[in-house]
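Note: the block below is upload_37.cif and it holds mmCIF, C-alpha atoms.
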data_run
#
loop_
_atom_site.label_atom_id
_atom_site.label_comp_id
_atom_site.auth_asym_id
_atom_site.auth_seq_id
_atom_site.Cartn_x
_atom_site.Cartn_y
_atom_site.Cartn_z
CA MET A 1 27.21 26.38 -62.20
CA ASN A 2 29.70 29.21 -61.95
CA GLY A 3 28.75 29.98 -58.36
CA ILE A 4 30.44 31.39 -55.30
CA HIS A 5 31.05 27.83 -54.03
CA ASP A 6 33.64 27.32 -56.79
CA MET A 7 36.35 29.12 -54.86
CA GLY A 8 39.60 27.56 -56.00
CA GLY A 9 42.06 30.28 -57.00
CA MET A 10 40.14 33.25 -55.59
CA GLN A 11 42.17 35.71 -53.57
CA ASP A 12 41.48 38.28 -50.90
CA MET A 13 39.11 36.07 -48.86
CA GLY A 14 41.06 37.05 -45.74
CA PRO A 15 43.28 35.16 -43.32
CA ILE A 16 42.56 31.59 -42.30
CA GLU A 17 40.85 31.74 -38.91
CA TYR A 18 42.19 28.86 -36.86
CA GLU A 19 40.47 27.96 -33.62
CA LYS A 20 42.69 26.17 -31.13
CA GLY A 21 41.03 23.25 -29.39
CA GLU A 22 38.01 23.57 -31.65
CA PRO A 23 35.03 21.49 -30.47
CA VAL A 24 33.36 19.03 -32.85
CA PHE A 25 30.18 21.11 -32.66
CA HIS A 26 29.93 24.73 -31.53
CA THR A 27 26.28 24.48 -30.46
CA PRO A 28 23.96 21.50 -29.91
CA TRP A 29 21.75 22.45 -32.86
CA GLU A 30 24.69 21.94 -35.23
CA SER A 31 24.90 18.32 -34.14
CA ARG A 32 21.16 17.84 -34.67
CA VAL A 33 21.41 19.23 -38.21
CA LEU A 34 24.25 16.85 -39.01
CA ALA A 35 22.31 13.90 -37.64
CA MET A 36 19.09 14.82 -39.47
CA VAL A 37 20.93 15.22 -42.76
CA LEU A 38 22.64 11.83 -42.37
CA ALA A 39 19.49 10.05 -41.20
CA THR A 40 17.26 11.37 -43.98
CA PHE A 41 19.70 10.09 -46.63
CA SER A 42 18.38 6.64 -45.67
CA TRP A 43 15.12 7.40 -47.45
CA HIS A 44 17.06 7.40 -50.74
CA LYS A 45 14.91 10.29 -51.96
CA TRP A 46 18.01 12.25 -52.90
CA ASN A 47 21.74 11.76 -53.14
CA LEU A 48 24.88 13.53 -51.98
CA ASP A 49 25.26 15.39 -55.28
CA ALA A 50 21.74 16.79 -54.97
CA PHE A 51 22.45 17.79 -51.39
CA ARG A 52 25.63 19.57 -52.41
CA HIS A 53 23.74 21.44 -55.09
CA THR A 54 21.27 22.86 -52.56
CA ARG A 55 24.16 24.77 -51.01
CA GLU A 56 25.47 25.92 -54.38
CA VAL A 57 22.17 27.59 -55.27
CA LEU A 58 22.09 29.67 -52.10
CA PRO A 59 22.38 33.37 -52.97
CA PRO A 60 26.11 34.22 -52.93
CA GLU A 61 25.74 36.68 -50.09
CA ASP A 62 24.03 34.00 -47.98
CA TYR A 63 26.60 31.38 -48.94
CA LEU A 64 29.38 33.59 -47.59
CA ARG A 65 27.46 34.71 -44.50
CA LEU A 66 25.93 31.44 -43.33
CA SER A 67 27.78 28.91 -41.23
CA TYR A 68 28.31 25.41 -42.59
CA TYR A 69 25.46 23.89 -40.62
CA GLU A 70 23.11 26.74 -41.49
CA GLN A 71 23.79 25.88 -45.13
CA TRP A 72 23.08 22.23 -44.39
CA PHE A 73 19.84 23.12 -42.61
CA SER A 74 18.68 25.19 -45.53
CA GLY A 75 19.51 22.35 -47.94
CA LEU A 76 17.72 19.76 -45.85
CA ARG A 77 14.54 21.86 -45.68
CA ASP A 78 14.70 22.38 -49.42
CA LEU A 79 15.06 18.66 -50.23
CA LEU A 80 12.41 17.51 -47.74
CA VAL A 81 9.86 19.61 -49.57
CA ARG A 82 11.12 19.19 -53.13
CA ARG A 83 11.39 15.40 -52.81
CA GLY A 84 8.03 14.99 -51.13
CA LEU A 85 8.90 13.88 -47.60
CA ALA A 86 7.21 16.95 -46.07
CA THR A 87 5.17 19.88 -47.25
CA ALA A 88 6.38 23.46 -47.20
CA ALA A 89 3.76 24.26 -44.55
CA GLU A 90 4.94 21.39 -42.35
CA VAL A 91 8.55 22.50 -42.58
CA GLU A 92 7.54 26.07 -41.87
CA ASN A 93 5.36 25.22 -38.87
CA GLY A 94 7.20 22.20 -37.48
CA VAL A 95 3.91 20.33 -37.17
CA PRO A 96 2.59 17.46 -39.34
CA ALA A 97 -0.38 18.33 -41.52
CA ALA A 98 -3.73 17.21 -40.15
CA GLY A 99 -4.29 13.56 -41.00
CA ALA A 100 -0.74 13.02 -42.27
CA ALA A 101 0.30 9.36 -42.11
CA LYS A 102 3.11 8.37 -39.78
CA THR A 103 5.85 6.31 -41.37
CA THR A 104 8.66 4.16 -39.98
CA PRO A 105 12.19 5.58 -40.03
CA PRO A 106 14.54 3.49 -42.19
CA LEU A 107 17.54 4.25 -39.98
CA THR A 108 17.53 2.95 -36.42
CA ALA A 109 20.06 3.51 -33.66
CA ASP A 110 21.44 -0.04 -33.83
CA GLN A 111 22.40 0.55 -37.49
CA VAL A 112 24.46 3.58 -36.59
CA SER A 113 27.08 1.83 -34.51
CA PRO A 114 29.99 1.33 -34.85
CA VAL A 115 30.37 2.80 -38.35
CA PRO A 116 27.42 5.03 -39.28
CA LEU A 117 26.03 3.43 -42.40
CA SER A 118 24.54 6.64 -43.65
CA THR A 119 27.92 8.29 -44.01
CA ARG A 120 28.84 5.89 -46.76
CA ILE A 121 28.58 7.61 -50.07
CA HIS A 122 28.21 4.57 -52.29
CA ALA A 123 29.17 6.48 -55.41
CA GLN A 124 31.39 3.77 -56.89
CA ARG A 125 29.79 1.26 -59.26
CA ASP A 126 30.96 -2.26 -59.97
CA LEU A 127 30.27 -1.99 -63.68
CA GLN A 128 32.25 -2.75 -66.80
CA VAL A 129 32.65 0.63 -68.47
CA SER A 130 35.51 1.25 -70.88
CA PRO A 131 37.91 3.93 -69.70
CA ARG A 132 38.60 6.64 -72.28
CA PHE A 133 42.04 7.35 -70.82
CA HIS A 134 44.96 5.57 -69.21
CA ALA A 135 47.69 6.51 -66.76
CA GLY A 136 50.36 8.70 -68.28
CA GLN A 137 48.12 10.06 -71.02
CA SER A 138 47.98 13.81 -71.71
CA VAL A 139 44.52 15.29 -71.36
CA ARG A 140 42.82 18.65 -71.36
CA ALA A 141 39.91 19.55 -69.09
CA ARG A 142 36.91 20.63 -71.13
CA ASN A 143 35.79 24.22 -71.06
CA ILE A 144 32.22 23.64 -69.96
CA ASN A 145 29.96 26.02 -68.08
CA PRO A 146 26.85 24.05 -67.16
CA VAL A 147 24.20 26.00 -65.25
CA GLY A 148 23.55 22.92 -63.09
CA HIS A 149 25.79 21.00 -60.70
CA THR A 150 29.31 20.11 -61.78
CA ARG A 151 32.50 19.01 -60.02
CA LEU A 152 34.79 20.50 -62.62
CA PRO A 153 36.14 23.67 -60.98
CA ARG A 154 36.56 26.78 -63.09
CA TYR A 155 40.29 27.02 -62.36
CA ALA A 156 40.98 23.75 -64.18
CA ARG A 157 38.78 24.24 -67.26
CA GLY A 158 40.73 24.32 -70.49
CA LYS A 159 43.95 23.33 -68.72
CA ALA A 160 46.28 20.51 -69.77
CA GLY A 161 47.22 17.74 -67.39
CA THR A 162 48.31 14.13 -67.15
CA ILE A 163 46.32 11.10 -66.03
CA HIS A 164 47.93 9.97 -62.77
CA ARG A 165 45.69 6.98 -62.08
CA ASP A 166 42.29 5.48 -62.86
CA HIS A 167 40.06 5.28 -59.77
CA GLY A 168 37.39 3.10 -61.36
CA VAL A 169 33.72 3.71 -62.20
CA PHE A 170 31.61 6.26 -60.30
CA VAL A 171 28.24 7.96 -60.72
CA PHE A 172 28.36 11.25 -62.61
CA PRO A 173 27.44 14.20 -60.38
CA ASP A 174 26.32 16.49 -63.21
CA THR A 175 23.35 14.21 -63.94
CA ASN A 176 22.94 12.54 -60.56
CA ALA A 177 22.45 15.84 -58.72
CA HIS A 178 19.42 16.57 -60.88
CA PHE A 179 17.96 13.03 -60.71
CA LEU A 180 18.74 12.53 -64.39
CA GLY A 181 20.51 9.22 -63.97
CA GLU A 182 23.83 7.95 -62.68
CA LYS A 183 25.66 7.87 -66.02
CA PRO A 184 28.48 5.77 -64.48
CA GLN A 185 31.94 6.44 -65.88
CA HIS A 186 35.60 6.35 -64.96
CA VAL A 187 37.10 8.88 -62.59
CA TYR A 188 40.79 9.67 -62.85
CA SER A 189 43.30 11.47 -60.73
CA VAL A 190 44.66 14.14 -63.06
CA ARG A 191 47.89 15.99 -62.33
CA PHE A 192 48.19 19.64 -63.35
CA ALA A 193 51.42 21.60 -63.07
CA ALA A 194 50.92 24.66 -60.88
CA ARG A 195 52.33 26.78 -63.72
CA GLU A 196 49.73 25.43 -66.15
CA LEU A 197 47.00 26.54 -63.75
CA TRP A 198 48.44 29.78 -62.41
CA GLY A 199 51.18 30.92 -64.76
CA ALA A 200 54.85 31.65 -64.33
CA GLN A 201 54.44 33.00 -60.80
CA ALA A 202 53.85 29.46 -59.52
CA PRO A 203 56.80 27.36 -58.30
CA GLU A 204 58.10 25.17 -61.10
CA LYS A 205 57.78 21.79 -59.40
CA ASP A 206 54.47 22.24 -57.59
CA CYS A 207 51.30 20.61 -58.83
CA VAL A 208 47.60 20.14 -58.12
CA TYR A 209 45.73 16.85 -58.48
CA LEU A 210 42.02 16.82 -59.24
CA ASP A 211 39.70 13.84 -59.58
CA MET A 212 37.90 14.07 -62.90
CA TRP A 213 35.19 12.12 -64.67
CA ASP A 214 35.54 10.95 -68.27
CA ASP A 215 33.02 13.57 -69.39
CA TYR A 216 35.28 16.36 -68.12
CA LEU A 217 38.24 15.39 -70.30
CA ASP A 218 39.50 15.41 -73.87
CA PRO A 219 42.73 13.89 -75.18
CA ALA A 220 45.43 16.55 -75.46
CA MET B 1 29.79 16.32 -73.96
CA THR B 2 27.93 17.66 -71.01
CA PRO B 3 24.66 19.15 -72.12
CA ASP B 4 22.78 21.70 -70.17
CA LEU B 5 21.37 19.09 -67.86
CA ALA B 6 19.40 21.06 -65.43
CA PRO B 7 15.69 21.38 -65.98
CA ALA B 8 14.57 24.98 -66.03
CA HIS B 9 12.59 24.83 -62.81
CA GLU B 10 15.74 23.88 -60.93
CA HIS B 11 17.19 27.23 -61.79
CA GLU B 12 14.49 29.52 -60.80
CA HIS B 13 15.79 28.38 -57.43
CA GLU B 14 13.48 30.01 -55.06
CA HIS B 15 16.01 31.25 -52.60
CA GLN B 16 14.28 30.49 -49.42
CA ALA B 17 14.45 32.77 -46.44
CA VAL B 18 17.17 31.74 -44.07
CA PRO B 19 16.00 30.93 -40.57
CA SER B 20 16.75 33.76 -38.20
CA GLU B 21 16.97 31.69 -35.05
CA PRO B 22 18.70 28.42 -35.92
CA ALA B 23 18.31 26.70 -32.56
CA LEU B 24 14.53 27.08 -32.53
CA ARG B 25 14.07 26.28 -36.19
CA VAL B 26 16.23 23.18 -35.94
CA LYS B 27 14.30 21.97 -32.92
CA ALA B 28 11.02 22.50 -34.76
CA LEU B 29 12.23 20.55 -37.77
CA GLU B 30 13.45 17.68 -35.61
CA SER B 31 10.04 17.48 -33.90
CA LEU B 32 8.36 17.39 -37.28
CA LEU B 33 10.60 14.64 -38.64
CA VAL B 34 10.18 12.53 -35.50
CA GLU B 35 6.41 13.00 -35.43
CA LYS B 36 6.09 12.07 -39.09
CA GLY B 37 8.20 8.99 -38.52
CA LEU B 38 10.87 10.21 -40.93
CA VAL B 39 13.70 9.93 -38.42
CA ASP B 40 14.22 7.99 -35.21
CA ARG B 41 15.36 10.25 -32.38
CA ALA B 42 17.56 7.50 -30.90
CA ALA B 43 19.30 7.18 -34.28
CA LEU B 44 19.99 10.91 -34.29
CA ASP B 45 21.43 10.64 -30.77
CA ALA B 46 23.61 7.73 -31.88
CA LEU B 47 24.91 9.67 -34.87
CA VAL B 48 25.78 12.69 -32.73
CA ASP B 49 27.49 10.45 -30.19
CA ALA B 50 29.49 8.70 -32.92
CA TYR B 51 30.85 11.94 -34.35
CA GLU B 52 31.34 13.61 -31.01
CA HIS B 53 33.07 10.73 -29.24
CA LYS B 54 34.02 7.83 -31.49
CA ILE B 55 35.08 9.02 -34.94
CA GLY B 56 37.95 11.47 -34.95
CA PRO B 57 41.63 12.07 -35.73
CA ARG B 58 42.71 9.37 -33.27
CA ASN B 59 41.65 6.89 -35.96
CA GLY B 60 43.97 8.43 -38.52
CA ALA B 61 46.77 8.77 -35.95
CA ARG B 62 46.70 5.04 -35.24
CA VAL B 63 46.99 4.29 -38.95
CA VAL B 64 49.94 6.68 -39.32
CA ALA B 65 51.77 5.25 -36.30
CA ARG B 66 51.33 1.69 -37.58
CA ALA B 67 52.71 2.73 -40.98
CA TRP B 68 55.74 4.30 -39.26
CA VAL B 69 56.67 1.15 -37.35
CA ASP B 70 55.68 -1.48 -39.92
CA PRO B 71 57.03 -1.09 -43.48
CA ALA B 72 54.83 -3.90 -44.80
CA TYR B 73 51.75 -2.17 -43.37
CA LYS B 74 52.85 1.13 -44.91
CA ALA B 75 53.16 -0.51 -48.32
CA ARG B 76 49.63 -1.91 -47.98
CA LEU B 77 48.32 1.45 -46.81
CA LEU B 78 49.72 3.27 -49.83
CA ALA B 79 48.50 0.57 -52.22
CA ASP B 80 44.99 0.02 -50.79
CA ALA B 81 44.16 2.26 -47.84
CA ASN B 82 40.69 0.81 -47.25
CA ASP B 83 42.09 -2.69 -46.92
CA ALA B 84 44.85 -1.56 -44.56
CA MET B 85 42.54 0.61 -42.45
CA ALA B 86 39.97 -2.17 -42.15
CA ASP B 87 42.48 -3.86 -39.80
CA PHE B 88 41.43 -1.32 -37.18
CA GLY B 89 37.71 -1.87 -37.68
CA PHE B 90 36.68 1.73 -38.19
CA ILE B 91 36.35 1.47 -41.91
CA SER B 92 34.90 -1.13 -44.22
CA ARG B 93 36.89 -2.68 -47.03
CA GLN B 94 33.94 -1.89 -49.28
CA GLY B 95 33.40 1.57 -47.79
CA ASP B 96 34.11 4.94 -49.26
CA ARG B 97 37.48 5.06 -50.94
CA ILE B 98 40.39 6.62 -49.10
CA LEU B 99 43.80 7.35 -50.59
CA VAL B 100 46.90 7.97 -48.52
CA VAL B 101 49.59 10.28 -49.88
CA GLU B 102 53.05 10.18 -48.37
CA ASN B 103 55.18 13.12 -47.29
CA THR B 104 58.93 12.74 -47.77
CA PRO B 105 61.89 15.12 -47.39
CA THR B 106 61.21 16.29 -50.98
CA VAL B 107 57.41 15.99 -51.28
CA HIS B 108 54.77 17.75 -49.20
CA ASN B 109 51.08 16.95 -49.69
CA LEU B 110 48.13 19.19 -48.82
CA ILE B 111 44.43 18.25 -48.84
CA VAL B 112 41.59 20.63 -49.74
CA CYS B 113 38.08 20.61 -51.17
CA THR B 114 37.67 23.81 -53.16
CA LEU B 115 34.04 23.10 -54.15
CA CYS B 116 32.58 22.16 -50.77
CA SER B 117 34.07 20.45 -47.72
CA CYS B 118 35.00 16.85 -48.60
CA TYR B 119 37.16 15.39 -45.86
CA PRO B 120 38.09 11.86 -44.74
CA TRP B 121 35.46 11.59 -41.98
CA ALA B 122 36.18 7.94 -41.19
CA VAL B 123 39.75 8.67 -40.15
CA LEU B 124 39.67 12.35 -39.12
CA GLY B 125 36.08 12.91 -37.99
CA LEU B 126 34.27 16.08 -38.99
CA PRO B 127 36.33 18.88 -40.52
CA PRO B 128 37.27 21.98 -38.53
CA VAL B 129 35.69 25.30 -39.51
CA TRP B 130 38.87 26.65 -41.12
CA TYR B 131 39.00 23.70 -43.52
CA LYS B 132 35.48 24.55 -44.72
CA SER B 133 36.14 28.29 -44.87
CA ALA B 134 36.51 30.47 -47.95
CA PRO B 135 40.07 31.62 -47.15
CA TYR B 136 41.43 28.06 -47.01
CA ARG B 137 39.42 26.64 -49.89
CA SER B 138 40.23 29.52 -52.21
CA ARG B 139 43.97 29.84 -51.60
CA ALA B 140 45.10 26.25 -50.97
CA VAL B 141 45.30 25.57 -54.72
CA ILE B 142 46.74 28.88 -55.96
CA ASP B 143 49.09 29.64 -53.07
CA PRO B 144 49.65 26.50 -51.00
CA ARG B 145 53.02 27.73 -49.75
CA GLY B 146 51.42 30.95 -48.52
CA VAL B 147 48.71 28.94 -46.76
CA LEU B 148 51.32 26.72 -45.12
CA ARG B 149 53.27 29.79 -44.03
CA GLU B 150 50.09 31.00 -42.32
CA PHE B 151 50.10 27.72 -40.41
CA GLY B 152 53.74 28.33 -39.48
CA LEU B 153 55.24 25.89 -41.96
CA GLU B 154 57.90 27.22 -44.34
CA LEU B 155 58.94 24.83 -47.11
CA GLY B 156 62.15 25.09 -49.11
CA ASP B 157 62.38 25.33 -52.90
CA ASP B 158 63.71 21.78 -52.99
CA VAL B 159 60.36 20.49 -51.72
CA GLN B 160 57.59 19.78 -54.22
CA VAL B 161 54.12 20.76 -53.03
CA ARG B 162 51.31 18.50 -54.19
CA VAL B 163 47.79 19.76 -53.54
CA TRP B 164 44.92 17.26 -53.67
CA ASP B 165 41.58 18.91 -54.49
CA SER B 166 38.88 16.43 -53.41
CA THR B 167 36.54 16.91 -56.37
CA ALA B 168 35.14 13.33 -56.46
CA GLU B 169 34.15 10.63 -53.97
CA LEU B 170 37.71 9.84 -52.95
CA ARG B 171 39.04 11.05 -49.67
CA TYR B 172 42.66 11.86 -48.99
CA LEU B 173 44.83 11.46 -45.92
CA VAL B 174 48.42 12.65 -45.62
CA LEU B 175 50.96 10.22 -44.19
CA PRO B 176 53.29 12.68 -42.44
CA GLU B 177 57.02 12.13 -41.99
CA ARG B 178 58.06 10.43 -38.80
CA PRO B 179 60.01 12.98 -36.77
CA ALA B 180 63.64 12.35 -35.83
CA GLY B 181 64.34 11.21 -32.30
CA THR B 182 61.31 8.95 -32.05
CA GLU B 183 63.13 5.66 -32.66
CA ALA B 184 62.52 4.41 -29.11
CA LEU B 185 58.82 5.30 -28.99
CA SER B 186 56.10 2.67 -29.01
CA GLU B 187 53.40 2.63 -31.66
CA GLU B 188 50.96 4.00 -29.11
CA ASP B 189 53.27 6.85 -28.11
CA LEU B 190 53.86 7.66 -31.76
CA ALA B 191 50.12 7.82 -32.40
CA ALA B 192 49.82 10.38 -29.61
CA LEU B 193 52.17 12.69 -31.53
CA VAL B 194 50.18 12.66 -34.77
CA THR B 195 47.88 15.65 -35.16
CA ARG B 196 44.87 16.23 -37.35
CA ASP B 197 46.66 19.16 -38.98
CA ALA B 198 49.59 16.95 -40.00
CA MET B 199 47.21 14.48 -41.64
CA VAL B 200 45.58 17.31 -43.63
CA GLY B 201 49.06 18.53 -44.57
CA VAL B 202 49.06 21.97 -42.92
CA ALA B 203 51.63 20.94 -40.32
CA LYS B 204 54.44 18.48 -39.65
CA VAL B 205 54.54 16.07 -36.77
CA VAL B 206 56.86 17.53 -34.15
CA PHE B 207 58.89 15.73 -31.47
CA PRO B 208 58.97 16.47 -28.65
CA PRO B 209 55.41 17.84 -28.96
CA PRO B 210 55.23 21.59 -28.39
CA LYS B 211 53.93 22.68 -24.99
CA GLY B 212 50.46 24.18 -25.08
CA ASN B 213 49.70 22.49 -28.39
CA ASP B 214 45.98 22.20 -27.86
CA GLU B 215 45.15 20.81 -31.26
CA ARG B 216 44.04 17.82 -29.26
CA HIS B 217 41.79 15.10 -30.45
CA SER B 218 39.05 13.67 -28.36
#

Whole structure, structure tokens version:
Amino acid sequence: MNGIHDMGGMQDMGPIEYEKGEPVFHTPWESRVLAMVLATFSWHKWNLDAFRHTREVLPPEDYLRLSYYEQWFSGLRDLLVRRGLATAAEVENGVPAAGAAKTTPPLTADQVSPVPLSTRIHAQRDLQVSPRFHAGQSVRARNINPVGHTRLPRYARGKAGTIHRDHGVFVFPDTNAHFLGEKPQHVYSVRFAARELWGAQAPEKDCVYLDMWDDYLDPA
Amino acid sequence: MTPDLAPAHEHEHEHQAVPSEPALRVKALESLLVEKGLVDRAALDALVDAYEHKIGPRNGARVVARAWVDPAYKARLLADANDAMADFGFISRQGDRILVVENTPTVHNLIVCTLCSCYPWAVLGLPPVWYKSAPYRSRAVIDPRGVLREFGLELGDDVQVRVWDSTAELRYLVLPERPAGTEALSEEDLAALVTRDAMVGVAKVVFPPPKGNDERHS
């Protein structure tokens, strides 16, 4: 989806606002949103790609205005209802519907420590899938403009690069985000010369590496 | 080929109203989830505690310092970061994949996620607001040298800038250059010099550390 989230290469977004001694959370509610998002992943009712997409479909003006954890909160509410863990009325009122059954949380405190299990993405698959490309090969990123979720940024579409390395087999976000299957395939690190992406104004030696799925690439 | 994968109903996305008072709305949602048995409040507390107090840039700094003092460890780290980091216990060998990219006198690496906010949580903790912000995400790929200048880092023409856009489920960490004059320092003292910003690639590690440098890690 050609949304506002796909920001690579945009200009005039203003100076980078650096906060010295920034706290991990700016308010307690931010920490609760983070924890609720991580804990609810344990229901396996959605995946990280689907969660990312909830932020991408925010209206552009909201996407730019909302803080990171406000975006997360909005996405969590959306998925809870859409994936059937709560009703819209429950989310709106903060109270379980009359007669609603109480379940048992899949994530308990003892599972969190020391490494929070729910932060593991588990997107890699131990499957034998033939790679379409190999290190050193010249490739071109496809010019695709899907209206759904994709991890192929606009700034790289149609550009020529070189396979730097093969990362192995991973789930495909373009289908996974919409619960249309994992479509596991190879992901490669692809090197693009800065001049290929941005033209002659870019320094000659500089480059940008993107991680790209098989379905994003053609041989060049 | 990538077909138009999204079912139509997904795209009439009903843009829901954004809560006006986040603190109250968040509290209400937490009550709901606890009452329905969807989340365990103690698990939420444990998650907050982990990210507030246990998982942060100190993890990454220890890895960097070990790589500086132990060439064999550095070779392992660059070849298989998960395996090398598992030595410290804060990452699993089978966990999410991390890749370490090395700065040298002629190569400078910079990490960004232009599409969202991907960041190596296990070794740096949660990302700072600037990393997730539109100005950084938009310009890091088209004008990395300008971005670095904004952070006070001017690179010469002889240095190649490599930007890593985290578009998949691989997380990147920069192995900064060890500063001159640190030959006598212990691994622990070296780790204390390594900043989050240097491991993202927007700064170098400086020795002696600048006074009033409050980019401190808990």

Problem set entry | 10 Å contact set for Ser186 of chain B, all atoms listed in the file, chain neighbours under 6 positions out, as a list of chain:residue names |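 Near Ser186 of chain B, the qualifying residues are B:Ala65, B:Arg66, B:Val69, B:Ala192.
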
For this session: Find the spatial neighbours of Leu29 of chain B, counting all atoms listed in the file, within a cut-off of 9 Å - ignore same-chain residues fewer than 2 positions away - and output them as a list in words.
Result: Arg77, Glu90, Val91, Glu92, Asn93, Gly94 and Val95 of chain A; Leu24, Arg25, Val26, Lys27, Ser31, Leu32, Leu33 and Val34 of chain B

For this session: Compare B:Ala198, B:Ala23, B:Ala79, B:Val107 by their minimum atom-to-atom distance to chain A, counting all atoms listed in the file, and give me the closest one.
Result: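 Of all the options, B:Ala23 lies closest to chain A.
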
For this session: Check which residues satisfy the PyMOL selection byres ((chain A) within 7 of (chain B)) in the file shown, then give them as a VMD selection string.
Result: chain A and resid 5 to 11 13 to 18 20 to 21 24 29 31 33 35 to 36 39 to 40 57 to 59 74 91 94 to 96 102 to 105 107 to 109 112 115 to 116 120 to 123 146 to 148 151 175 178 198 205 to 211 215

Exercise. Restricting the calculation to only C-alpha atoms, which member of A:Gly136, A:Gly75, A:Gly99, A:Gly168 is positioned closest to Asp49 of chain A?
Worked result: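 Smallest distance to Asp49 of chain A is found for A:Gly75.
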
Edge lengths and centre, in Å to one decimal, as JSON: that's what I need for the box along x, y and z that holds all listed atoms of segment 197-202 of chain B plus 8 Å on each side.
{"center_x": 47.6, "center_y": 18.2, "center_z": -41.8, "size_x": 20.0, "size_y": 23.5, "size_z": 21.6}

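Minimum atom-to-atom distances from A:Arg142, A:Arg125, A:Arg132, A:Arg32 to Phe172 of chain A were compared using only C-alpha atoms, and the lowest value belongs to A:Arg125.
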
Exercise. Hey, what's within 6 Å of segment 179-191 of chain A if we count only C-alpha atoms and toss same-chain stuff fewer than 5 positions away? As an MDAnalysis selection string, please?
Worked result: chainID A and resid 131 161:172 208:214

Mind writing the picked residues with C-alpha atoms as a tab-separated table (two decimals), in the coordinates of the input?
chain	number	residue	atom	x	y	z
A	131	PRO	CA	37.91	3.93	-69.70
A	161	GLY	CA	47.22	17.74	-67.39
A	162	THR	CA	48.31	14.13	-67.15
A	163	ILE	CA	46.32	11.10	-66.03
A	164	HIS	CA	47.93	9.97	-62.77
A	165	ARG	CA	45.69	6.98	-62.08
A	166	ASP	CA	42.29	5.48	-62.86
A	167	HIS	CA	40.06	5.28	-59.77
A	168	GLY	CA	37.39	3.10	-61.36
A	169	VAL	CA	33.72	3.71	-62.20
A	170	PHE	CA	31.61	6.26	-60.30
A	171	VAL	CA	28.24	7.96	-60.72
A	172	PHE	CA	28.36	11.25	-62.61
A	208	VAL	CA	47.60	20.14	-58.12
A	209	TYR	CA	45.73	16.85	-58.48
A	210	LEU	CA	42.02	16.82	-59.24
A	211	ASP	CA	39.70	13.84	-59.58
A	212	MET	CA	37.90	14.07	-62.90
A	213	TRP	CA	35.19	12.12	-64.67
A	214	ASP	CA	35.54	10.95	-68.27

Exercise: Ile98 of chain B partners within 9 Å, all atoms listed in the file, chain neighbours under 4 positions left out, as a compact mmCIF listing (two decimals) with C-alpha atoms, in the frame of the given file:
# COMPACT_ATOMS: atom_id res chain seq x y z
CA ASP B 80 44.99 0.02 -50.79
CA ALA B 81 44.16 2.26 -47.84
CA ASN B 82 40.69 0.81 -47.25
CA PRO B 120 38.09 11.86 -44.74
CA GLU B 169 34.15 10.63 -53.97
CA LEU B 170 37.71 9.84 -52.95
CA ARG B 171 39.04 11.05 -49.67
CA TYR B 172 42.66 11.86 -48.99
CA LEU B 173 44.83 11.46 -45.92

Exercise. So which residues get picked by the PyMOL selection byres ((chain B and resi 199) around 12) here, written as a PyMOL selection string?
Worked result: chain B and resi 56-65+99-103+108-112+119-120+123-125+127+171-178+191+193-198+200-205

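Note that atom CA of Leu197 of chain A and atom CA of Arg154 of chain A are 10.5 Å apart.
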
Exercise. To one decimal place, how far is atom CA of Lys159 of chain A from atom CA of Asn143 of chain A in Å?
Worked result: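 These two atoms are separated by 8.5 Å.
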
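Pairwise distance (atom CA of Leu190 of chain B, atom CA of Asp87 of chain B) equals 18.1 Å.
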
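Excluding Pro219 of chain A itself and same-chain residues fewer than 3 positions from it, the residues having an atom within 8 Å of it are Phe133, Gln137, Ser138, Val139 and Arg140 of chain A, counting only C-alpha atoms.
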
Missing atoms in segment 28-35 of chain A should be modelled up to N, CA and C atoms and reported as a short mmCIF file (atom, residue, chain, number, x, y, z; two decimals), keeping the file's coordinate frame.
data_model
loop_
_atom_site.label_atom_id
_atom_site.label_comp_id
_atom_site.auth_asym_id
_atom_site.auth_seq_id
_atom_site.Cartn_x
_atom_site.Cartn_y
_atom_site.Cartn_z
N PRO A 28 24.68 22.78 -29.74
CA PRO A 28 23.96 21.50 -29.91
C PRO A 28 23.16 21.42 -31.21
N TRP A 29 22.57 22.55 -31.65
CA TRP A 29 21.75 22.45 -32.86
C TRP A 29 22.57 22.04 -34.08
N GLU A 30 23.85 22.37 -34.11
CA GLU A 30 24.69 21.94 -35.23
C GLU A 30 24.73 20.41 -35.31
N SER A 31 24.82 19.78 -34.15
CA SER A 31 24.90 18.32 -34.14
C SER A 31 23.57 17.70 -34.59
N ARG A 32 22.47 18.38 -34.25
CA ARG A 32 21.16 17.84 -34.67
C ARG A 32 20.99 17.97 -36.19
N VAL A 33 21.49 19.07 -36.76
CA VAL A 33 21.41 19.23 -38.21
C VAL A 33 22.21 18.13 -38.90
N LEU A 34 23.42 17.92 -38.43
CA LEU A 34 24.25 16.85 -39.01
C LEU A 34 23.51 15.52 -38.97
N ALA A 35 22.97 15.19 -37.81
CA ALA A 35 22.31 13.90 -37.64
C ALA A 35 21.07 13.79 -38.53
#
